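Here the structure is laid out as structure tokens; the discussion comes afterwards.
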Amino acid sequence: MEELVRRAQRGDTRALNALLSELAPYVGRICGAVALSSADDATQEALVAIFRHLPTLREPLAVKAWARRIAVREALRAAGHRGPVPVDPGDLEIPVAVDASTAIDVREVLAGLDPVHRAVLVLRHLDDLSEDEMAAALEVPPGTVKSRLFRARAAFRERWSA
Amino acid sequence: MNNWPTVELDHVARLRVLARVLPGVWMEERVMDAPFEDVWGLATDFERVPEFDTDVHSVTVLWRQDERARLRVRANVLGVGLPAGPVAVDVRNGWCWMRSPVYVVGMAAVPEGDRTRFAHLEGVPLRGPRWLQLLLQPVAHLSRWRHRHHIPHDLDGIERCLGLRPD
């Protein structure tokens, strides 16, 4: 993907398109799980921000982490979150959705959570990020990440078993 | 895990992103009262482009294979066909991206029931380092202004060719 980023930075619109194909599903997953009903707008805004600022990205190898940070920020904004981002990663057990009805349940449970908790869950369970990577994506210290996932996990379990 | 809510950009939404990212382009979209196959079939029958785009004098398909094609385009300048450079094309169902060294055209379509949402993007992309974009800002403004007025005529032309509006 590094070469694709460099070509897109130089103005190659074919490379820009190819990079959009690479990043859009990833950004859509983050925004879909965090912004829920505002996910379409969040995804659009995140992709626009990513590609507008692409020429300023100094390390093309870091494009995915950089895009992740922007996607999380836009998703939280679209979900109405204000202020610093909270969290706490751990070994939470989130039900693995296996059919359409389970998918609807996951969406309903996520809708009952704070957007910040949704962000922690999606980064941990869809992206399998470490605490440090989550902290970078959420732009908070690793310690803050720890405390928030605890609450996210508890809230998810409570609503899932209700 | 795959059943968590997600967003998949359709072709038109994808073109909207590019329209906001490329400084010198403009995009218009319209719901046409015709099936997707008819709209998309006409839009990507490249040699018919002069029928609905008055800026184009003629198009010759040099080769077309799978999702790639190469065109020779002559621009229409006061009724005279002038070479507009080679155009490389990426095309698949509902998505088309054409580029010459200084110009891009994007088309996207998605079915909406029996109708079709069709989007058309065109202009001078002016992508590149920030300093270059700043330098060429007036060109970007001019290109956007020009295509803001031109693209609706292309869409009207497509609708005329489809029999959706009178000649």
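Ligands are numbered from 1 in the order shown, residues from 1 within each chain, and chains are lettered A, B, ... in the order they appear in the structure tokens.
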Compile the residues of chain B that lie within 10 Å of chain A, evaluated using only C-alpha atoms, and express the compilation as a ChimeraX atom specification.
/B:1-9,13-23,88-90,97-99,101,104,125-130
Leu162 in chain B surroundings by only C-alpha atoms, 10 Å radius, close-in-sequence under 5 positions cut, as an MDAnalysis selection string
chainID B and resid 32:34 38:39 42 156:157
Give me the residues within 8 Å of Ser100 in chain B as a count of residues only, counting only C-alpha atoms and dropping any in the same chain fewer than 6 places off.
4
Residues near range 52-61 of chain B, cut-off 10 Å, only C-alpha atoms, skip fewer than 3 positions along chain, as an MDAnalysis selection string
chainID B and resid 42:43 45:49 64 69:84 87 150:151 153:161
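Across the structure, CA of Met107 in chain B and CA of Ala18 in chain A are spaced 15.9 Å apart.
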So how many Å separate CA of His149 in chain B and CA of Glu28 in chain B, to one decimal?
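For CA of His149 in chain B relative to CA of Glu28 in chain B, the distance reads 10.0 Å.
Across the structure, CA of Leu61 in chain A and CA of Ala75 in chain A are spaced 23.2 Å apart.
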Within range 10-160 of chain A, find each residue whose DSSP state, derived from the backbone, is helix (DSSP H, G or I), and express the selection as a VMD selection string.
chain A and resid 13 to 52 54 to 56 60 to 78 100 to 111 115 to 125 131 to 138 142 to 160
Could you please take those selected residues and save C-alpha atoms as an mmCIF file, in the first residue's frame?
```cif
data_model
loop_
_atom_site.group_PDB
_atom_site.id
_atom_site.type_symbol
_atom_site.label_atom_id
_atom_site.label_comp_id
_atom_site.auth_asym_id
_atom_site.auth_seq_id
_atom_site.Cartn_x
_atom_site.Cartn_y
_atom_site.Cartn_z
ATOM 1 C CA THR A 13 -5.925 9.710 -9.676
ATOM 2 C CA ARG A 14 -5.881 6.010 -10.557
ATOM 3 C CA ALA A 15 -3.814 5.348 -7.440
ATOM 4 C CA LEU A 16 -6.160 7.609 -5.494
ATOM 5 C CA ASN A 17 -9.075 5.446 -6.611
ATOM 6 C CA ALA A 18 -7.266 2.242 -5.715
ATOM 7 C CA LEU A 19 -6.398 3.595 -2.277
ATOM 8 C CA LEU A 20 -10.024 4.616 -1.783
ATOM 9 C CA SER A 21 -11.021 1.014 -2.547
ATOM 10 C CA GLU A 22 -8.536 -0.203 0.057
ATOM 11 C CA LEU A 23 -9.511 2.172 2.847
ATOM 12 C CA ALA A 24 -13.268 2.646 2.386
ATOM 13 C CA PRO A 25 -14.322 -0.759 3.786
ATOM 14 C CA TYR A 26 -12.089 -0.272 6.821
ATOM 15 C CA VAL A 27 -13.367 3.230 7.504
ATOM 16 C CA GLY A 28 -16.921 1.975 6.920
ATOM 17 C CA ARG A 29 -16.504 -0.702 9.586
ATOM 18 C CA ILE A 30 -15.312 1.784 12.195
ATOM 19 C CA CYS A 31 -17.937 4.394 11.361
ATOM 20 C CA GLY A 32 -20.688 1.793 11.021
ATOM 21 C CA ALA A 33 -20.180 0.454 14.523
ATOM 22 C CA VAL A 34 -19.508 3.787 16.231
ATOM 23 C CA ALA A 35 -21.762 6.289 14.474
ATOM 24 C CA LEU A 36 -24.668 3.876 13.767
ATOM 25 C CA SER A 37 -27.518 5.956 12.309
ATOM 26 C CA SER A 38 -25.067 8.694 11.277
ATOM 27 C CA ALA A 39 -22.605 6.178 9.863
ATOM 28 C CA ASP A 40 -23.061 7.111 6.197
ATOM 29 C CA ASP A 41 -22.239 10.746 6.869
ATOM 30 C CA ALA A 42 -19.362 9.831 9.177
ATOM 31 C CA THR A 43 -17.846 7.547 6.564
ATOM 32 C CA GLN A 44 -18.085 10.207 3.867
ATOM 33 C CA GLU A 45 -16.581 12.879 6.104
ATOM 34 C CA ALA A 46 -13.790 10.603 7.292
ATOM 35 C CA LEU A 47 -12.822 9.609 3.750
ATOM 36 C CA VAL A 48 -12.894 13.210 2.579
ATOM 37 C CA ALA A 49 -10.656 14.241 5.490
ATOM 38 C CA ILE A 50 -8.277 11.335 4.856
ATOM 39 C CA PHE A 51 -7.876 12.039 1.146
ATOM 40 C CA ARG A 52 -7.753 15.818 1.451
ATOM 41 C CA LEU A 54 -3.147 12.637 2.229
ATOM 42 C CA PRO A 55 -0.417 14.867 0.701
ATOM 43 C CA THR A 56 0.629 15.839 4.251
ATOM 44 C CA PRO A 60 3.024 6.234 3.869
ATOM 45 C CA LEU A 61 3.524 2.975 5.779
ATOM 46 C CA ALA A 62 1.430 4.436 8.597
ATOM 47 C CA VAL A 63 -1.547 5.193 6.384
ATOM 48 C CA LYS A 64 -3.880 2.669 8.002
ATOM 49 C CA ALA A 65 -3.248 3.866 11.566
ATOM 50 C CA TRP A 66 -3.571 7.452 10.382
ATOM 51 C CA ALA A 67 -6.854 6.703 8.597
ATOM 52 C CA ARG A 68 -8.104 4.864 11.674
ATOM 53 C CA ARG A 69 -7.507 7.912 13.879
ATOM 54 C CA ILE A 70 -9.414 10.158 11.498
ATOM 55 C CA ALA A 71 -12.257 7.634 11.151
ATOM 56 C CA VAL A 72 -12.659 7.307 14.916
ATOM 57 C CA ARG A 73 -12.678 11.081 15.325
ATOM 58 C CA GLU A 74 -15.293 11.585 12.607
ATOM 59 C CA ALA A 75 -17.422 8.702 13.862
ATOM 60 C CA LEU A 76 -17.450 10.062 17.400
ATOM 61 C CA ARG A 77 -18.263 13.537 16.137
ATOM 62 C CA ALA A 78 -21.133 12.192 14.033
ATOM 63 C CA ALA A 100 -28.885 -11.700 10.555
ATOM 64 C CA SER A 101 -30.951 -11.667 13.750
ATOM 65 C CA THR A 102 -27.790 -11.632 15.837
ATOM 66 C CA ALA A 103 -26.477 -8.788 13.736
ATOM 67 C CA ILE A 104 -29.586 -6.779 14.524
ATOM 68 C CA ASP A 105 -29.138 -7.568 18.214
ATOM 69 C CA VAL A 106 -25.536 -6.354 18.118
ATOM 70 C CA ARG A 107 -26.669 -3.133 16.510
ATOM 71 C CA GLU A 108 -29.386 -2.646 19.141
ATOM 72 C CA VAL A 109 -26.974 -3.280 21.974
ATOM 73 C CA LEU A 110 -24.384 -0.929 20.479
ATOM 74 C CA ALA A 111 -27.060 1.750 20.114
ATOM 75 C CA PRO A 115 -20.281 6.386 21.377
ATOM 76 C CA VAL A 116 -16.909 6.283 23.079
ATOM 77 C CA HIS A 117 -17.603 2.786 24.356
ATOM 78 C CA ARG A 118 -18.655 1.714 20.882
ATOM 79 C CA ALA A 119 -15.344 3.031 19.563
ATOM 80 C CA VAL A 120 -13.389 1.001 22.109
ATOM 81 C CA LEU A 121 -15.310 -2.136 21.307
ATOM 82 C CA VAL A 122 -14.950 -1.837 17.566
ATOM 83 C CA LEU A 123 -11.214 -1.166 17.772
ATOM 84 C CA ARG A 124 -10.672 -4.068 20.116
ATOM 85 C CA HIS A 125 -12.951 -6.654 18.589
ATOM 86 C CA GLU A 131 -3.892 -0.937 24.061
ATOM 87 C CA ASP A 132 -1.185 1.298 22.653
ATOM 88 C CA GLU A 133 -2.699 1.210 19.186
ATOM 89 C CA MET A 134 -6.125 1.968 20.612
ATOM 90 C CA ALA A 135 -4.719 4.853 22.598
ATOM 91 C CA ALA A 136 -3.172 6.268 19.432
ATOM 92 C CA ALA A 137 -6.413 5.906 17.502
ATOM 93 C CA LEU A 138 -8.455 7.505 20.269
ATOM 94 C CA PRO A 142 -3.040 4.153 27.371
ATOM 95 C CA GLY A 143 -4.197 4.399 30.974
ATOM 96 C CA THR A 144 -7.410 6.062 29.895
ATOM 97 C CA VAL A 145 -7.951 3.322 27.356
ATOM 98 C CA LYS A 146 -7.789 0.684 30.101
ATOM 99 C CA SER A 147 -10.456 2.181 32.311
ATOM 100 C CA ARG A 148 -12.890 2.766 29.497
ATOM 101 C CA LEU A 149 -12.961 -0.725 28.076
ATOM 102 C CA PHE A 150 -13.937 -2.039 31.459
ATOM 103 C CA ARG A 151 -17.027 0.134 31.388
ATOM 104 C CA ALA A 152 -17.726 -0.636 27.744
ATOM 105 C CA ARG A 153 -17.488 -4.359 28.408
ATOM 106 C CA ALA A 154 -19.764 -4.162 31.427
ATOM 107 C CA ALA A 155 -22.327 -2.059 29.587
ATOM 108 C CA PHE A 156 -22.308 -4.375 26.581
ATOM 109 C CA ARG A 157 -22.738 -7.503 28.701
ATOM 110 C CA GLU A 158 -25.522 -5.946 30.724
ATOM 111 C CA ARG A 159 -27.511 -4.976 27.641
ATOM 112 C CA TRP A 160 -26.744 -8.181 25.764
#
```
